[in-house]
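Take a look at the structure below.
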Protein chains: 2
Amino acid sequence: MKYLCDKEGLLYFGKRLRQVRLEQGFSQEELAYACGLTLSQIGRIERGVINTSLSTVFVIARTLQVELPYLFDLTLPPFEHRL
Amino acid sequence: MKYLCDKEGLLYFGKRLRQVRLEQGFSQEELAYACGLTLSQIGRIERGVINTSLSTVFVIARTLQVELPYLFDLTLPPFEHRL
DNA sequence: AAATATTAGAGCAAATTTGCCTTATTTAAA
DNA sequence: TTTAAATAAGGCAAATTTGCTCTAATATTT
């Protein structure tokens with residue numbers, strides 16, 4: 001049984017999540033706590049090492065107070081941390 | 001260990017997927033085959049009984065030829081099958 | 001109505017995610 | 001540079017998803 005895993009897509013999503021998280025001024029730990037998730041989980045998602053679930057993405061979006069289409073706008077250039 | 005599961009969100013997503021799938025003129029079986037997934041999996045996702053993964057959603061979007069933000073636009077009123 | 005296509009649903013083994021804990025490593029601040 | 005904060009990374013058990021196969025139920029067509 002081959003588990004479907006789109007590494008590239010997951011990497012893009014991870015980058016996008018990090019981008020939005022920083023925009024909203026959260027550390028990984030703060031986000032994890034506010035979501036009721038663990039720090040390691042947030043890290044693993046942002047690094048693209050796991051193929052997380054929809055529900056997890058839903059709570060993250062809610063916690064960051066962004067709409068899902070915004071979080072899934074994966075085509076944007078990387079967030080310039082310091083502008 | 002309590003697995004996070006947003007039943008309501010999953011139901012909304014399932015409805016949205018069905019909506020988009022029909023818009024694009026796929027049966028569950030056609031979509032499953034084109035995605036390299038199984039029929040039962042598509043069904044379970046649309047019924048909101050499982051909390052599927054990002055990679056799965058990514059292939060589905062690609063196969064349906066829609067952008068992720070479109071697929072995650074969960075606030076639209078239910079698709080009127082026959083207009 | 002009968003036949004056909006489509007969707008629903010159940011059960012099982014294998015693969016993966018997740019929380020929890022711990023320890024490095026990197027980054028930022030003092 | 002030293003100290004602290006933030007992120008990376010590894011391991012383990014429990015929970016869940018997934019493919020597979022099969023059967024039932026529901027729509028759709030003829």
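Simple scheme: letters A, B, ... for chains in structure tokens order, numbers from 1 for residues in each chain, numbers from 1 for ligands in the order shown.
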
If chain B is fitted onto chain A by least squares over all C-alpha atoms, taken pair by pair in sequence order, what do its new coordinates look like as a JSON list (two decimals) with N, CA and C atoms, in the first residue's frame?
[["chain", "number", "residue", "atom", "x", "y", "z"],
["B", 1, "MET", "N", 0.82, -1.22, -0.07],
["B", 1, "MET", "CA", -0.04, -0.03, -0.05],
["B", 1, "MET", "C", 0.83, 1.22, -0.04],
["B", 2, "LYS", "N", 0.75, 1.98, -1.07],
["B", 2, "LYS", "CA", 1.59, 3.17, -1.15],
["B", 2, "LYS", "C", 0.81, 4.40, -0.72],
["B", 3, "TYR", "N", 1.24, 4.96, 0.38],
["B", 3, "TYR", "CA", 0.63, 6.16, 0.93],
["B", 3, "TYR", "C", 0.97, 7.33, 0.03],
["B", 4, "LEU", "N", -0.03, 8.02, -0.42],
["B", 4, "LEU", "CA", 0.18, 9.18, -1.28],
["B", 4, "LEU", "C", 0.85, 10.30, -0.49],
["B", 5, "CYS", "N", 1.91, 10.86, -1.02],
["B", 5, "CYS", "CA", 2.61, 11.94, -0.33],
["B", 5, "CYS", "C", 3.27, 12.88, -1.32],
["B", 6, "ASP", "N", 2.75, 14.06, -1.42],
["B", 6, "ASP", "CA", 3.26, 15.07, -2.35],
["B", 6, "ASP", "C", 4.25, 15.96, -1.60],
["B", 7, "LYS", "N", 5.50, 15.47, -1.52],
["B", 7, "LYS", "CA", 6.55, 16.17, -0.78],
["B", 7, "LYS", "C", 6.63, 17.64, -1.18],
["B", 8, "GLU", "N", 6.63, 17.86, -2.46],
["B", 8, "GLU", "CA", 6.82, 19.23, -2.94],
["B", 8, "GLU", "C", 5.67, 20.12, -2.46],
["B", 9, "GLY", "N", 4.45, 19.63, -2.63],
["B", 9, "GLY", "CA", 3.29, 20.40, -2.18],
["B", 9, "GLY", "C", 3.35, 20.68, -0.69],
["B", 10, "LEU", "N", 3.79, 19.69, 0.07],
["B", 10, "LEU", "CA", 3.86, 19.86, 1.51],
["B", 10, "LEU", "C", 4.91, 20.91, 1.89],
["B", 11, "LEU", "N", 6.00, 20.92, 1.14],
["B", 11, "LEU", "CA", 7.02, 21.94, 1.39],
["B", 11, "LEU", "C", 6.48, 23.34, 1.12],
["B", 12, "TYR", "N", 5.77, 23.46, 0.02],
["B", 12, "TYR", "CA", 5.19, 24.76, -0.31],
["B", 12, "TYR", "C", 4.21, 25.19, 0.76],
["B", 13, "PHE", "N", 3.37, 24.24, 1.19],
["B", 13, "PHE", "CA", 2.39, 24.59, 2.20],
["B", 13, "PHE", "C", 3.08, 25.00, 3.50],
["B", 14, "GLY", "N", 4.11, 24.26, 3.86],
["B", 14, "GLY", "CA", 4.85, 24.58, 5.07],
["B", 14, "GLY", "C", 5.41, 26.00, 5.04],
["B", 15, "LYS", "N", 5.97, 26.33, 3.89],
["B", 15, "LYS", "CA", 6.53, 27.69, 3.75],
["B", 15, "LYS", "C", 5.43, 28.73, 3.89],
["B", 16, "ARG", "N", 4.31, 28.44, 3.27],
["B", 16, "ARG", "CA", 3.20, 29.39, 3.32],
["B", 16, "ARG", "C", 2.69, 29.56, 4.75],
["B", 17, "LEU", "N", 2.61, 28.44, 5.46],
["B", 17, "LEU", "CA", 2.15, 28.51, 6.84],
["B", 17, "LEU", "C", 3.09, 29.37, 7.67],
["B", 18, "ARG", "N", 4.38, 29.14, 7.51],
["B", 18, "ARG", "CA", 5.34, 29.93, 8.28],
["B", 18, "ARG", "C", 5.18, 31.42, 7.97],
["B", 19, "GLN", "N", 5.03, 31.69, 6.69],
["B", 19, "GLN", "CA", 4.82, 33.06, 6.23],
["B", 19, "GLN", "C", 3.64, 33.70, 6.96],
["B", 20, "VAL", "N", 2.51, 33.02, 6.93],
["B", 20, "VAL", "CA", 1.30, 33.58, 7.53],
["B", 20, "VAL", "C", 1.43, 33.66, 9.05],
["B", 21, "ARG", "N", 2.01, 32.63, 9.63],
["B", 21, "ARG", "CA", 2.20, 32.65, 11.08],
["B", 21, "ARG", "C", 3.00, 33.86, 11.52],
["B", 22, "LEU", "N", 4.09, 34.16, 10.79],
["B", 22, "LEU", "CA", 4.92, 35.30, 11.16],
["B", 22, "LEU", "C", 4.17, 36.61, 10.91],
["B", 23, "GLU", "N", 3.47, 36.66, 9.82],
["B", 23, "GLU", "CA", 2.64, 37.83, 9.54],
["B", 23, "GLU", "C", 1.72, 38.13, 10.72],
["B", 24, "GLN", "N", 1.17, 37.07, 11.28],
["B", 24, "GLN", "CA", 0.21, 37.23, 12.38],
["B", 24, "GLN", "C", 0.89, 37.33, 13.74],
["B", 25, "GLY", "N", 2.22, 37.27, 13.71],
["B", 25, "GLY", "CA", 2.98, 37.50, 14.93],
["B", 25, "GLY", "C", 2.95, 36.38, 15.95],
["B", 26, "PHE", "N", 2.96, 35.13, 15.47],
["B", 26, "PHE", "CA", 3.01, 34.00, 16.38],
["B", 26, "PHE", "C", 4.36, 33.31, 16.28],
["B", 27, "SER", "N", 4.84, 32.82, 17.42],
["B", 27, "SER", "CA", 5.95, 31.86, 17.38],
["B", 27, "SER", "C", 5.32, 30.48, 17.20],
["B", 28, "GLN", "N", 6.10, 29.50, 16.82],
["B", 28, "GLN", "CA", 5.58, 28.14, 16.68],
["B", 28, "GLN", "C", 4.92, 27.71, 17.99],
["B", 29, "GLU", "N", 5.58, 28.02, 19.09],
["B", 29, "GLU", "CA", 5.08, 27.59, 20.38],
["B", 29, "GLU", "C", 3.74, 28.27, 20.70],
["B", 30, "GLU", "N", 3.66, 29.55, 20.45],
["B", 30, "GLU", "CA", 2.41, 30.27, 20.71],
["B", 30, "GLU", "C", 1.28, 29.70, 19.87],
["B", 31, "LEU", "N", 1.58, 29.48, 18.61],
["B", 31, "LEU", "CA", 0.55, 28.93, 17.72],
["B", 31, "LEU", "C", 0.12, 27.55, 18.20],
["B", 32, "ALA", "N", 1.10, 26.73, 18.53],
["B", 32, "ALA", "CA", 0.78, 25.38, 18.99],
["B", 32, "ALA", "C", -0.14, 25.43, 20.21],
["B", 33, "TYR", "N", 0.23, 26.25, 21.17],
["B", 33, "TYR", "CA", -0.57, 26.33, 22.39],
["B", 33, "TYR", "C", -1.97, 26.83, 22.09],
["B", 34, "ALA", "N", -2.06, 27.87, 21.28],
["B", 34, "ALA", "CA", -3.37, 28.46, 20.97],
["B", 34, "ALA", "C", -4.25, 27.49, 20.18],
["B", 35, "CYS", "N", -3.62, 26.60, 19.44],
["B", 35, "CYS", "CA", -4.35, 25.63, 18.62],
["B", 35, "CYS", "C", -4.72, 24.38, 19.42],
["B", 36, "GLY", "N", -4.03, 24.17, 20.51],
["B", 36, "GLY", "CA", -4.18, 22.92, 21.21],
["B", 36, "GLY", "C", -3.39, 21.81, 20.53],
["B", 37, "LEU", "N", -2.35, 22.21, 19.81],
["B", 37, "LEU", "CA", -1.46, 21.24, 19.17],
["B", 37, "LEU", "C", -0.13, 21.27, 19.89],
["B", 38, "THR", "N", 0.81, 20.47, 19.41],
["B", 38, "THR", "CA", 2.13, 20.48, 20.03],
["B", 38, "THR", "C", 3.10, 21.24, 19.16],
["B", 39, "LEU", "N", 4.11, 21.73, 19.83],
["B", 39, "LEU", "CA", 5.16, 22.46, 19.14],
["B", 39, "LEU", "C", 5.77, 21.62, 18.03],
["B", 40, "SER", "N", 6.03, 20.36, 18.35],
["B", 40, "SER", "CA", 6.69, 19.52, 17.35],
["B", 40, "SER", "C", 5.82, 19.38, 16.10],
["B", 41, "GLN", "N", 4.51, 19.34, 16.31],
["B", 41, "GLN", "CA", 3.61, 19.18, 15.18],
["B", 41, "GLN", "C", 3.68, 20.39, 14.25],
["B", 42, "ILE", "N", 3.63, 21.58, 14.82],
["B", 42, "ILE", "CA", 3.74, 22.78, 13.99],
["B", 42, "ILE", "C", 5.06, 22.78, 13.23],
["B", 43, "GLY", "N", 6.11, 22.44, 13.94],
["B", 43, "GLY", "CA", 7.41, 22.38, 13.29],
["B", 43, "GLY", "C", 7.44, 21.41, 12.14],
["B", 44, "ARG", "N", 6.90, 20.23, 12.36],
["B", 44, "ARG", "CA", 6.91, 19.20, 11.31],
["B", 44, "ARG", "C", 6.10, 19.65, 10.11],
["B", 45, "ILE", "N", 5.00, 20.33, 10.35],
["B", 45, "ILE", "CA", 4.19, 20.80, 9.24],
["B", 45, "ILE", "C", 4.96, 21.85, 8.44],
["B", 46, "GLU", "N", 5.55, 22.80, 9.14],
["B", 46, "GLU", "CA", 6.26, 23.87, 8.44],
["B", 46, "GLU", "C", 7.46, 23.34, 7.68],
["B", 47, "ARG", "N", 8.07, 22.31, 8.19],
["B", 47, "ARG", "CA", 9.24, 21.73, 7.51],
["B", 47, "ARG", "C", 8.81, 20.80, 6.38],
["B", 48, "GLY", "N", 7.54, 20.53, 6.31],
["B", 48, "GLY", "CA", 7.04, 19.68, 5.23],
["B", 48, "GLY", "C", 7.37, 18.22, 5.41],
["B", 49, "VAL", "N", 7.64, 17.81, 6.64],
["B", 49, "VAL", "CA", 8.01, 16.42, 6.86],
["B", 49, "VAL", "C", 6.80, 15.53, 7.09],
["B", 50, "ILE", "N", 5.66, 16.12, 7.35],
["B", 50, "ILE", "CA", 4.45, 15.31, 7.49],
["B", 50, "ILE", "C", 3.33, 15.87, 6.63],
["B", 51, "ASN", "N", 2.42, 14.99, 6.41],
["B", 51, "ASN", "CA", 1.29, 15.19, 5.50],
["B", 51, "ASN", "C", 0.05, 15.35, 6.38],
["B", 52, "THR", "N", -0.09, 16.52, 6.94],
["B", 52, "THR", "CA", -1.06, 16.69, 8.01],
["B", 52, "THR", "C", -2.51, 16.65, 7.51],
["B", 53, "SER", "N", -3.43, 16.70, 8.43],
["B", 53, "SER", "CA", -4.83, 16.50, 8.09],
["B", 53, "SER", "C", -5.57, 17.82, 7.90],
["B", 54, "LEU", "N", -6.73, 17.71, 7.29],
["B", 54, "LEU", "CA", -7.57, 18.89, 7.08],
["B", 54, "LEU", "C", -7.95, 19.53, 8.40],
["B", 55, "SER", "N", -8.38, 18.74, 9.36],
["B", 55, "SER", "CA", -8.80, 19.31, 10.64],
["B", 55, "SER", "C", -7.70, 20.14, 11.28],
["B", 56, "THR", "N", -6.48, 19.64, 11.18],
["B", 56, "THR", "CA", -5.36, 20.37, 11.75],
["B", 56, "THR", "C", -5.20, 21.72, 11.05],
["B", 57, "VAL", "N", -5.32, 21.69, 9.72],
["B", 57, "VAL", "CA", -5.20, 22.95, 8.99],
["B", 57, "VAL", "C", -6.34, 23.89, 9.34],
["B", 58, "PHE", "N", -7.51, 23.32, 9.56],
["B", 58, "PHE", "CA", -8.65, 24.16, 9.91],
["B", 58, "PHE", "C", -8.43, 24.90, 11.23],
["B", 59, "VAL", "N", -7.99, 24.20, 12.24],
["B", 59, "VAL", "CA", -7.76, 24.90, 13.52],
["B", 59, "VAL", "C", -6.66, 25.93, 13.40],
["B", 60, "ILE", "N", -5.64, 25.60, 12.64],
["B", 60, "ILE", "CA", -4.54, 26.55, 12.47],
["B", 60, "ILE", "C", -5.06, 27.83, 11.83],
["B", 61, "ALA", "N", -5.83, 27.68, 10.77],
["B", 61, "ALA", "CA", -6.36, 28.87, 10.08],
["B", 61, "ALA", "C", -7.23, 29.68, 11.03],
["B", 62, "ARG", "N", -8.08, 28.99, 11.77],
["B", 62, "ARG", "CA", -8.96, 29.67, 12.70],
["B", 62, "ARG", "C", -8.14, 30.45, 13.74],
["B", 63, "THR", "N", -7.11, 29.78, 14.26],
["B", 63, "THR", "CA", -6.30, 30.41, 15.29],
["B", 63, "THR", "C", -5.54, 31.62, 14.75],
["B", 64, "LEU", "N", -5.06, 31.49, 13.53],
["B", 64, "LEU", "CA", -4.33, 32.61, 12.93],
["B", 64, "LEU", "C", -5.29, 33.68, 12.43],
["B", 65, "GLN", "N", -6.57, 33.36, 12.46],
["B", 65, "GLN", "CA", -7.60, 34.30, 11.99],
["B", 65, "GLN", "C", -7.39, 34.67, 10.53],
["B", 66, "VAL", "N", -7.19, 33.64, 9.73],
["B", 66, "VAL", "CA", -7.13, 33.86, 8.28],
["B", 66, "VAL", "C", -8.11, 32.89, 7.62],
["B", 67, "GLU", "N", -8.56, 33.25, 6.45],
["B", 67, "GLU", "CA", -9.45, 32.38, 5.68],
["B", 67, "GLU", "C", -8.64, 31.27, 5.04],
["B", 68, "LEU", "N", -9.29, 30.14, 4.82],
["B", 68, "LEU", "CA", -8.59, 29.01, 4.21],
["B", 68, "LEU", "C", -8.01, 29.37, 2.84],
["B", 69, "PRO", "N", -8.77, 30.03, 1.97],
["B", 69, "PRO", "CA", -8.18, 30.34, 0.66],
["B", 69, "PRO", "C", -6.90, 31.15, 0.78],
["B", 70, "TYR", "N", -6.83, 31.98, 1.81],
["B", 70, "TYR", "CA", -5.61, 32.78, 2.01],
["B", 70, "TYR", "C", -4.45, 31.88, 2.41],
["B", 71, "LEU", "N", -4.72, 30.98, 3.32],
["B", 71, "LEU", "CA", -3.67, 30.07, 3.76],
["B", 71, "LEU", "C", -3.20, 29.15, 2.63],
["B", 72, "PHE", "N", -4.10, 28.89, 1.70],
["B", 72, "PHE", "CA", -3.75, 27.99, 0.59],
["B", 72, "PHE", "C", -3.31, 28.73, -0.66],
["B", 73, "ASP", "N", -3.02, 29.99, -0.50],
["B", 73, "ASP", "CA", -2.50, 30.75, -1.63],
["B", 73, "ASP", "C", -0.99, 30.51, -1.70],
["B", 74, "LEU", "N", -0.64, 29.39, -2.28],
["B", 74, "LEU", "CA", 0.74, 28.91, -2.19],
["B", 74, "LEU", "C", 1.68, 29.49, -3.23],
["B", 75, "THR", "N", 1.19, 30.36, -4.06],
["B", 75, "THR", "CA", 2.02, 30.80, -5.18],
["B", 75, "THR", "C", 2.78, 32.10, -4.90],
["B", 76, "LEU", "N", 2.51, 32.70, -3.74],
["B", 76, "LEU", "CA", 3.17, 33.97, -3.44],
["B", 76, "LEU", "C", 4.66, 33.79, -3.23],
["B", 77, "PRO", "N", 5.43, 34.82, -3.51],
["B", 77, "PRO", "CA", 6.87, 34.78, -3.23],
["B", 77, "PRO", "C", 7.08, 34.80, -1.73],
["B", 78, "PRO", "N", 8.18, 34.24, -1.27],
["B", 78, "PRO", "CA", 8.46, 34.14, 0.16],
["B", 78, "PRO", "C", 8.34, 35.46, 0.88],
["B", 79, "PHE", "N", 7.76, 35.39, 2.05],
["B", 79, "PHE", "CA", 7.54, 36.56, 2.88],
["B", 79, "PHE", "C", 8.85, 37.22, 3.29],
["B", 80, "GLU", "N", 8.97, 38.49, 3.02],
["B", 80, "GLU", "CA", 10.17, 39.22, 3.44],
["B", 80, "GLU", "C", 10.01, 39.59, 4.91],
["B", 81, "HIS", "N", 10.76, 38.89, 5.72],
["B", 81, "HIS", "CA", 10.57, 39.04, 7.16],
["B", 81, "HIS", "C", 10.70, 40.50, 7.59],
["B", 82, "ARG", "N", 11.78, 41.14, 7.17],
["B", 82, "ARG", "CA", 11.97, 42.54, 7.53],
["B", 82, "ARG", "C", 11.85, 43.38, 6.27],
["B", 83, "LEU", "N", 10.87, 44.26, 6.29],
["B", 83, "LEU", "CA", 10.68, 45.14, 5.14],
["B", 83, "LEU", "C", 11.18, 46.53, 5.53]]

task = Using backbone DSSP assignments, extract all helix (DSSP H, G or I) residues from chain A; output them as a VMD selection string.
result = chain A and resid 7 to 23 28 to 35 39 to 47 54 to 64 68 to 71

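For the pair atom C1' of DA24 of chain C and atom C1' of DC12 of chain D, the interatomic distance is 18.9 Å.
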
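Going from atom C1' of DT4 of chain C to atom C1' of DT21 of chain D covers 21.4 Å.
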
Which residues of chain C are close to chain A, meaning at most 10 Å apart when you count only C-alpha atoms (C1' of nucleotides), and how do they look as a tab-separated table (two decimals) with C-alpha atoms (C1' of nucleotides), in the first residue's frame?
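Output saved as iface19.tsv:
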chain	number	residue	atom	x	y	z
C	13	DA	C1'	-3.98	-4.92	7.49
C	14	DA	C1'	-0.37	-1.68	6.53
C	15	DA	C1'	1.28	3.00	6.60
C	16	DT	C1'	1.20	7.43	8.60
C	17	DT	C1'	0.18	11.12	11.84
C	18	DT	C1'	0.04	12.75	16.46
C	19	DG	C1'	1.11	13.78	21.26
C	20	DC	C1'	4.58	13.44	24.55

Report as CSV: every residue of chain D with an atom at most 12 Å from chain A, its closest pair of atoms, and their distance in Å to one decimal, counting only C-alpha atoms (C1' of nucleotides), with rows sorted by chain and ascending residue number.
residue,atom,partner,partner_atom,distance
D:DA5,C1',A:Ser27,CA,10.1
D:DA6,C1',A:Ser27,CA,7.5
D:DT7,C1',A:Gly43,CA,7.4
D:DA8,C1',A:Gly43,CA,7.7
D:DA9,C1',A:Ser40,CA,9.1
D:DG10,C1',A:Ser40,CA,11.0
D:DT16,C1',A:Ser53,CA,10.1
D:DT17,C1',A:Tyr3,CA,9.4
D:DT18,C1',A:Tyr3,CA,7.1
D:DG19,C1',A:Met1,CA,6.2
D:DC20,C1',A:Met1,CA,9.2
